[in-house]
Amino acid sequence: MEFEFTREQEAFRAQVRGFLESEIGKGTFRPMCDGWIQGYSPEFTRKVAAQGWIGLTWPKEYGGQGRSDVDRLVLTEEMLRYGAPAACHWFADRQIGRAVLAYGTPEQKTELLPLIRNGEAYVGLGMSEPEAGSDLASLKTRAVPDGDYYIITGQKMWTSCARFMTHVYLVARTDPDAPKHRGISEFIIDAKLPGITIRPTIDITGSEAWGEVFYDGVRVHKKYLIGEKNRGFYQILNQLDYERAGLERLMGNYPLFDALLRFTRETRHDGLRLCEEPLIRSRLAQLQVDFEVGRLLTYRVVMVMEKGKAPNVEAAMAKAYCTTFEQRLASLATDILGLYGQLIAESKYAPLSGMAPHSFLGSKGYSLQAGTTEVLKNIVANRGLGLPSVT
Ligand SMILES: Cc1cc2nc3c(=O)[nH]c(=O)nc-3n(C[C@H](O)[C@H](O)[C@H](O)COP(=O)(O)OP(=O)(O)OC[C@H]3O[C@@H](n4cnc5c(N)ncnc54)[C@H](O)[C@@H]3O)c2cc1C
């Protein structure tokens, strides 16, 4: 067991920090909560691509750097620590590029990987539907063959980055007569194709980071089916592990944690700095303990990935735990900041730029997106503890 990063990894961390601090200094971005999922900045994404940090772990022949998953962990940890606006490339870098590498044809690799690598493909995730969330296999969106094309018809909900995506990763039913898990295929398609209509979803925080996407007879060339026809569901299971496993499940609100600590050092109440109040110190210390537990659970996921295995139970455990950390952080911030702490960013009186109410409201969804906590606990019970599965 090795808890230290190597000298090279620490040097890489310093390099990433230097880059991020310099970009903050130049005004490219201001640290924000949920930057990985809500921070739209093509300029930032272009700069990250120029560093060669998108597709860091991909083989060099596909434009990657052949670096380790630990290096990517270091990179993402710093991006999250600084609240970087990385939504344009996050999903493609995290899982879609990986899916193309694993299942794509040489032609798909040649077409899609350079776009992702150069930060030019902003890929939204289009899986969930009004009647298909946890039970994704019951999805109804159809892809019907027509010569060299599929005609896609259906509706998706909660498609990430819908309002600015250039491509969408889509799962659709390609065999309506097969058992429900066996008739699904994956596609990566141009989001501007005729027949696609996007309606923003305004979430509880007022954000439009997600959207409903309607597919009305969209003609998609067959070459955009990824992997094996009708085996998509099994490919997705693997990708979901990567989707739920990262530090973004723990550190999406790190800028709030950081700002809260500063606030308690700088703010006095009855002559005492807040950080000297025993109750506040104790709750902050507990939060730090929780943070370190979440960090270790997430590091463990990367250790599994480094061994070439899919981090299934480990990813489920990490996400189930880390999302509750984010919720506890938001609750504590709201408690410490008092009534003013409920003011949103638009108010000039909002402390910490209104990050606390944003996180308090936004973190409710963390235990739903990418698999609900109940579903994750089922995975842990079944595949982790060996308990019988229940339907
Ligand atoms: C903020 C946010 C972002 C999202 N981002 C995306 C995205 O980018 N792309 C995308 O495709 N989707 C996205 N989703 C959708 C998300 O994946 C679904 O909301 C989630 O899978 C749950 O599905 P559902 O909402 O249909 O709830 P349901 O599946 O109907 O679940 C309702 C309740 O029943 C419980 N439940 C369901 N099945 C079981 C079971 N077997 N055992 C025990 N309890 C169970 C659930 O835990 C939940 O509490 C997002 C959702 C949110 C809230």
# chains A, B, ... in the order shown; residues from 1 in each chain; ligands from 1

$ closest_atom_pairs --of "chain A" --to "ligand 1" --cutoff "9 Å" --atoms "only C-alpha atoms and all ligand atoms" --output "tab-separated table"
residue	atom	partner	partner_atom_place_in_ligand_line	distance
A:Ile37	CA	ligand 1	8 (O)	8.9
A:Phe91	CA	ligand 1	8 (O)	8.9
A:Gly124	CA	ligand 1	8 (O)	6.7
A:Leu125	CA	ligand 1	9 (N)	4.5
A:Gly126	CA	ligand 1	11 (O)	4.3
A:Met127	CA	ligand 1	11 (O)	3.4
A:Ser128	CA	ligand 1	11 (O)	3.8
A:Glu129	CA	ligand 1	26 (O)	7.2
A:Pro130	CA	ligand 1	26 (O)	6.6
A:Glu131	CA	ligand 1	26 (O)	6.3
A:Ala132	CA	ligand 1	26 (O)	5.4
A:Gly133	CA	ligand 1	23 (O)	3.2
A:Ser134	CA	ligand 1	29 (O)	3.6
A:Asp135	CA	ligand 1	29 (O)	5.9
A:Leu136	CA	ligand 1	21 (O)	7.4
A:Lys156	CA	ligand 1	11 (O)	7.1
A:Met157	CA	ligand 1	12 (N)	6.4
A:Trp158	CA	ligand 1	13 (C)	4.5
A:Thr159	CA	ligand 1	9 (N)	4.4
A:Ser160	CA	ligand 1	8 (O)	3.8
A:Cys161	CA	ligand 1	8 (O)	7.6
A:Ala162	CA	ligand 1	8 (O)	8.8
A:Leu170	CA	ligand 1	11 (O)	8.4
A:Val171	CA	ligand 1	11 (O)	8.9
A:Asp203	CA	ligand 1	1 (C)	7.5
A:Ile204	CA	ligand 1	1 (C)	9.0
A:Ala209	CA	ligand 1	3 (C)	8.6
A:Trp210	CA	ligand 1	8 (O)	6.9
A:Gly211	CA	ligand 1	8 (O)	8.8
A:Gly362	CA	ligand 1	1 (C)	7.2
A:Ser363	CA	ligand 1	1 (C)	8.2
A:Lys364	CA	ligand 1	53 (C)	7.8
A:Gly365	CA	ligand 1	53 (C)	4.3
A:Tyr366	CA	ligand 1	1 (C)	6.1
A:Ser367	CA	ligand 1	53 (C)	7.8
A:Leu368	CA	ligand 1	20 (C)	5.0
A:Gln369	CA	ligand 1	51 (C)	4.0
A:Ala370	CA	ligand 1	17 (O)	4.7
A:Gly371	CA	ligand 1	21 (O)	4.8
A:Thr372	CA	ligand 1	47 (O)	4.7
A:Thr373	CA	ligand 1	47 (O)	6.0
A:Glu374	CA	ligand 1	47 (O)	4.4
A:Val375	CA	ligand 1	42 (N)	5.2
A:Leu376	CA	ligand 1	47 (O)	8.5
A:Lys377	CA	ligand 1	43 (C)	8.2
A:Asn378	CA	ligand 1	42 (N)	6.5
A:Val390	CA	ligand 1	41 (N)	7.6
A:Thr391	CA	ligand 1	41 (N)	6.1

$ residues_around --residues "Ser41 in chain A" --least-positions-apart "3" --cutoff "9 Å" --atoms "only C-alpha atoms" --output "NGL selection string"
:A and (28-29 or 44-46 or 85-88)

$ closest_atom_pairs --of "range 243-296 of chain A" --to "range 307-322 of chain A" --cutoff "8 Å" --atoms "only C-alpha atoms" --output "CSV"
residue,atom,partner,partner_atom,distance
A:Arg244,CA,A:Lys319,CA,6.0
A:Ala245,CA,A:Ala315,CA,4.6
A:Arg249,CA,A:Cys322,CA,5.7
A:Leu250,CA,A:Cys322,CA,4.8
A:Phe291,CA,A:Cys322,CA,7.9
A:Gly294,CA,A:Cys322,CA,5.3

$ closest_residue --among "A:Gly341, A:Pro106, A:Pro59, A:Pro145" --to "His221 in chain A" --atoms "only C-alpha atoms"
A:Pro145

$ select_by_dssp --residues "range 196-286 of chain A" --states "strand (DSSP E or B)" --output "number ranges by chain"
A: 196-201, 210-221, 225-226, 231, 268-269, 272-273

$ write_last_selection --atoms "C-alpha atoms" --output "PDB file, in the first residue's frame"
ATOM      1  CA  ILE A 196     -33.202  17.471 -32.935  1.00  0.00           C
ATOM      2  CA  THR A 197     -34.904  20.015 -30.678  1.00  0.00           C
ATOM      3  CA  ILE A 198     -33.403  21.071 -27.378  1.00  0.00           C
ATOM      4  CA  ARG A 199     -35.413  22.564 -24.520  1.00  0.00           C
ATOM      5  CA  PRO A 200     -33.378  23.743 -21.510  1.00  0.00           C
ATOM      6  CA  THR A 201     -34.294  22.311 -18.121  1.00  0.00           C
ATOM      7  CA  TRP A 210     -29.246  20.163 -18.602  1.00  0.00           C
ATOM      8  CA  GLY A 211     -31.985  19.863 -21.156  1.00  0.00           C
ATOM      9  CA  GLU A 212     -34.731  17.810 -22.677  1.00  0.00           C
ATOM     10  CA  VAL A 213     -33.826  16.669 -26.155  1.00  0.00           C
ATOM     11  CA  PHE A 214     -36.431  15.600 -28.685  1.00  0.00           C
ATOM     12  CA  TYR A 215     -35.497  13.384 -31.628  1.00  0.00           C
ATOM     13  CA  ASP A 216     -38.032  13.580 -34.419  1.00  0.00           C
ATOM     14  CA  GLY A 217     -37.061  11.248 -37.255  1.00  0.00           C
ATOM     15  CA  VAL A 218     -33.360  12.161 -37.016  1.00  0.00           C
ATOM     16  CA  ARG A 219     -31.315  10.512 -39.798  1.00  0.00           C
ATOM     17  CA  VAL A 220     -28.063   9.199 -38.361  1.00  0.00           C
ATOM     18  CA  HIS A 221     -25.542   7.382 -40.517  1.00  0.00           C
ATOM     19  CA  LEU A 225     -23.271   3.332 -33.914  1.00  0.00           C
ATOM     20  CA  ILE A 226     -20.576   2.658 -31.316  1.00  0.00           C
ATOM     21  CA  ARG A 231     -25.062  -4.856 -26.939  1.00  0.00           C
ATOM     22  CA  ARG A 268     -15.812  37.567  14.306  1.00  0.00           C
ATOM     23  CA  HIS A 269     -18.843  36.916  16.461  1.00  0.00           C
ATOM     24  CA  LEU A 272     -14.275  35.626  18.807  1.00  0.00           C
ATOM     25  CA  ARG A 273     -13.243  34.508  15.342  1.00  0.00           C
TER      26      ARG A 273
END

$ select_by_dssp --residues "range 27-202 of chain A" --states "alpha helix (DSSP H)" --output "VMD selection string"
chain A and resid 35 to 38 42 to 50 69 to 81 87 to 91 97 to 103 106 to 117

$ write_last_selection --atoms "C-alpha atoms" --output "PDB file, in the first residue's frame"
ATOM      1  CA  GLY A  35     -17.571  24.038 -12.680  1.00  0.00           C
ATOM      2  CA  TRP A  36     -17.036  20.558 -14.114  1.00  0.00           C
ATOM      3  CA  ILE A  37     -20.706  20.225 -15.007  1.00  0.00           C
ATOM      4  CA  GLN A  38     -21.963  23.810 -15.302  1.00  0.00           C
ATOM      5  CA  PRO A  42     -14.740  27.187 -24.717  1.00  0.00           C
ATOM      6  CA  GLU A  43     -11.716  29.417 -24.108  1.00  0.00           C
ATOM      7  CA  PHE A  44     -10.673  27.454 -21.024  1.00  0.00           C
ATOM      8  CA  THR A  45     -11.253  24.131 -22.772  1.00  0.00           C
ATOM      9  CA  ARG A  46      -9.087  25.257 -25.717  1.00  0.00           C
ATOM     10  CA  LYS A  47      -6.309  26.145 -23.286  1.00  0.00           C
ATOM     11  CA  VAL A  48      -6.557  22.795 -21.484  1.00  0.00           C
ATOM     12  CA  ALA A  49      -6.397  21.041 -24.864  1.00  0.00           C
ATOM     13  CA  ALA A  50      -3.316  23.063 -25.796  1.00  0.00           C
ATOM     14  CA  ASP A  69      -5.008   7.152 -14.395  1.00  0.00           C
ATOM     15  CA  VAL A  70      -3.209   8.513 -11.316  1.00  0.00           C
ATOM     16  CA  ASP A  71      -1.922  11.430 -13.410  1.00  0.00           C
ATOM     17  CA  ARG A  72      -5.477  12.070 -14.558  1.00  0.00           C
ATOM     18  CA  LEU A  73      -6.593  11.919 -10.931  1.00  0.00           C
ATOM     19  CA  VAL A  74      -4.055  14.601 -10.047  1.00  0.00           C
ATOM     20  CA  LEU A  75      -5.224  16.731 -12.966  1.00  0.00           C
ATOM     21  CA  THR A  76      -8.909  16.467 -12.105  1.00  0.00           C
ATOM     22  CA  GLU A  77      -8.279  17.008  -8.398  1.00  0.00           C
ATOM     23  CA  GLU A  78      -6.634  20.348  -9.121  1.00  0.00           C
ATOM     24  CA  MET A  79      -9.265  21.371 -11.684  1.00  0.00           C
ATOM     25  CA  LEU A  80     -11.917  20.752  -9.036  1.00  0.00           C
ATOM     26  CA  ARG A  81      -9.952  22.409  -6.236  1.00  0.00           C
ATOM     27  CA  ALA A  87     -17.967  21.385 -18.670  1.00  0.00           C
ATOM     28  CA  CYS A  88     -17.197  21.680 -22.391  1.00  0.00           C
ATOM     29  CA  HIS A  89     -14.709  18.809 -22.295  1.00  0.00           C
ATOM     30  CA  TRP A  90     -15.348  16.958 -19.022  1.00  0.00           C
ATOM     31  CA  PHE A  91     -17.737  14.263 -20.251  1.00  0.00           C
ATOM     32  CA  GLY A  97     -13.309   9.143 -25.535  1.00  0.00           C
ATOM     33  CA  ARG A  98     -12.736   6.018 -23.458  1.00  0.00           C
ATOM     34  CA  ALA A  99     -15.831   4.390 -25.012  1.00  0.00           C
ATOM     35  CA  VAL A 100     -14.648   5.225 -28.536  1.00  0.00           C
ATOM     36  CA  LEU A 101     -11.230   3.787 -27.727  1.00  0.00           C
ATOM     37  CA  ALA A 102     -12.768   0.608 -26.307  1.00  0.00           C
ATOM     38  CA  TYR A 103     -15.547  -0.033 -28.805  1.00  0.00           C
ATOM     39  CA  PRO A 106     -10.842   2.770 -36.740  1.00  0.00           C
ATOM     40  CA  GLU A 107     -12.941   5.279 -38.722  1.00  0.00           C
ATOM     41  CA  GLN A 108     -14.756   6.448 -35.572  1.00  0.00           C
ATOM     42  CA  LYS A 109     -11.457   6.813 -33.759  1.00  0.00           C
ATOM     43  CA  THR A 110     -10.016   8.874 -36.606  1.00  0.00           C
ATOM     44  CA  GLU A 111     -13.040  11.138 -36.740  1.00  0.00           C
ATOM     45  CA  LEU A 112     -14.027  11.583 -33.090  1.00  0.00           C
ATOM     46  CA  LEU A 113     -10.874  11.322 -30.987  1.00  0.00           C
ATOM     47  CA  PRO A 114      -9.053  14.342 -32.501  1.00  0.00           C
ATOM     48  CA  LEU A 115     -12.182  16.464 -31.979  1.00  0.00           C
ATOM     49  CA  ILE A 116     -12.300  15.464 -28.311  1.00  0.00           C
ATOM     50  CA  ARG A 117      -8.559  15.763 -27.860  1.00  0.00           C
TER      51      ARG A 117
END

$ closest_residue --among "A:Lys223, A:His358, A:Arg7, A:Arg295" --to "Thr105 in chain A" --atoms "only C-alpha atoms"
A:Lys223

$ atom_distance --atom1 "CA of Ala143 in chain A" --atom2 "CA of Gly119 in chain A"
28.4 Å

$ atom_distance --atom1 "CA of Arg182 in chain A" --atom2 "CA of Glu243 in chain A"
21.7 Å

$ closest_residue --among "A:Glu306, A:Asp190, A:Asp335, A:Asp258" --to "Thr57 in chain A" --atoms "only C-alpha atoms"
A:Glu306

$ atom_distance --atom1 "CA of Leu297 in chain A" --atom2 "CA of Arg94 in chain A"
18.1 Å

$ closest_residue --among "A:Gly52, A:Gly227, A:Gly252, A:Gly386" --to "Asp34 in chain A" --atoms "only C-alpha atoms"
A:Gly252

$ residues_around --residues "Gln342 in chain A" --least-positions-apart "3" --cutoff "12 Å" --atoms "only C-alpha atoms" --output "PyMOL selection string"
chain A and resi 330-331+333-339+345-347+349-361

$ write_last_selection --atoms "N, CA, C and O atoms" --output "short mmCIF file (atom, residue, chain, number, x, y, z; two decimals), in the first residue's frame"
data_model
loop_
_atom_site.label_atom_id
_atom_site.label_comp_id
_atom_site.auth_asym_id
_atom_site.auth_seq_id
_atom_site.Cartn_x
_atom_site.Cartn_y
_atom_site.Cartn_z
N ALA A 330 -22.65 21.57 2.17
CA ALA A 330 -23.60 22.65 1.87
C ALA A 330 -24.45 22.98 3.10
O ALA A 330 -24.72 24.15 3.39
N SER A 331 -24.84 21.96 3.86
CA SER A 331 -25.66 22.20 5.06
C SER A 331 -24.85 22.98 6.09
O SER A 331 -25.36 23.92 6.71
N ALA A 333 -22.29 24.94 5.60
CA ALA A 333 -22.07 26.32 5.13
C ALA A 333 -23.32 27.14 5.41
O ALA A 333 -23.24 28.28 5.90
N THR A 334 -24.47 26.59 5.15
CA THR A 334 -25.73 27.32 5.36
C THR A 334 -25.91 27.62 6.85
O THR A 334 -26.34 28.71 7.23
N ASP A 335 -25.56 26.65 7.70
CA ASP A 335 -25.67 26.87 9.15
C ASP A 335 -24.73 27.99 9.60
O ASP A 335 -25.12 28.89 10.35
N ILE A 336 -23.49 27.94 9.15
CA ILE A 336 -22.50 28.91 9.62
C ILE A 336 -22.80 30.32 9.10
O ILE A 336 -22.65 31.31 9.81
N LEU A 337 -23.26 30.40 7.86
CA LEU A 337 -23.46 31.73 7.27
C LEU A 337 -24.73 32.41 7.76
O LEU A 337 -24.90 33.62 7.58
N GLY A 338 -25.63 31.65 8.37
CA GLY A 338 -26.85 32.26 8.92
C GLY A 338 -27.79 32.73 7.82
O GLY A 338 -27.70 32.28 6.68
N LEU A 339 -28.65 33.69 8.17
CA LEU A 339 -29.72 34.08 7.23
C LEU A 339 -29.17 34.65 5.92
O LEU A 339 -29.68 34.35 4.85
N ALA A 345 -26.36 34.34 -5.67
CA ALA A 345 -25.24 35.13 -6.21
C ALA A 345 -25.67 36.51 -6.70
O ALA A 345 -24.89 37.46 -6.63
N GLU A 346 -26.90 36.63 -7.19
CA GLU A 346 -27.35 37.91 -7.75
C GLU A 346 -27.47 39.01 -6.69
O GLU A 346 -27.49 40.19 -7.03
N SER A 347 -27.56 38.64 -5.41
CA SER A 347 -27.69 39.65 -4.37
C SER A 347 -26.33 40.19 -3.97
O SER A 347 -25.38 39.43 -3.75
N TYR A 349 -25.62 41.32 -1.21
CA TYR A 349 -25.37 41.00 0.19
C TYR A 349 -24.99 39.52 0.39
O TYR A 349 -24.75 39.08 1.51
N ALA A 350 -24.96 38.76 -0.70
CA ALA A 350 -24.71 37.32 -0.56
C ALA A 350 -23.27 37.05 -0.12
O ALA A 350 -22.34 37.47 -0.82
N PRO A 351 -23.06 36.39 1.02
CA PRO A 351 -21.68 36.03 1.37
C PRO A 351 -21.17 34.92 0.47
O PRO A 351 -21.96 34.14 -0.08
N LEU A 352 -19.88 34.86 0.31
CA LEU A 352 -19.21 33.82 -0.50
C LEU A 352 -19.84 33.70 -1.89
O LEU A 352 -20.04 32.59 -2.41
N SER A 353 -20.16 34.83 -2.47
CA SER A 353 -20.72 34.90 -3.83
C SER A 353 -21.96 34.00 -4.01
O SER A 353 -22.21 33.51 -5.12
N GLY A 354 -22.67 33.76 -2.94
CA GLY A 354 -23.91 32.95 -3.08
C GLY A 354 -23.64 31.48 -3.33
O GLY A 354 -24.54 30.75 -3.77
N MET A 355 -22.42 31.04 -3.03
CA MET A 355 -22.11 29.62 -3.32
C MET A 355 -22.92 28.66 -2.44
O MET A 355 -23.25 27.56 -2.85
N ALA A 356 -23.21 29.10 -1.19
CA ALA A 356 -23.85 28.16 -0.26
C ALA A 356 -25.26 27.74 -0.71
O ALA A 356 -25.53 26.53 -0.79
N PRO A 357 -26.15 28.68 -1.05
CA PRO A 357 -27.47 28.21 -1.49
C PRO A 357 -27.40 27.43 -2.80
O PRO A 357 -28.15 26.47 -3.01
N HIS A 358 -26.46 27.84 -3.68
CA HIS A 358 -26.30 27.08 -4.93
C HIS A 358 -25.98 25.61 -4.60
O HIS A 358 -26.59 24.69 -5.14
N SER A 359 -25.01 25.42 -3.70
CA SER A 359 -24.60 24.05 -3.37
C SER A 359 -25.67 23.31 -2.59
O SER A 359 -25.89 22.12 -2.80
N PHE A 360 -26.33 24.05 -1.69
CA PHE A 360 -27.36 23.41 -0.88
C PHE A 360 -28.45 22.84 -1.79
O PHE A 360 -28.88 21.69 -1.64
N LEU A 361 -28.87 23.65 -2.75
CA LEU A 361 -29.95 23.19 -3.64
C LEU A 361 -29.41 22.18 -4.67
O LEU A 361 -29.99 21.12 -4.89
#
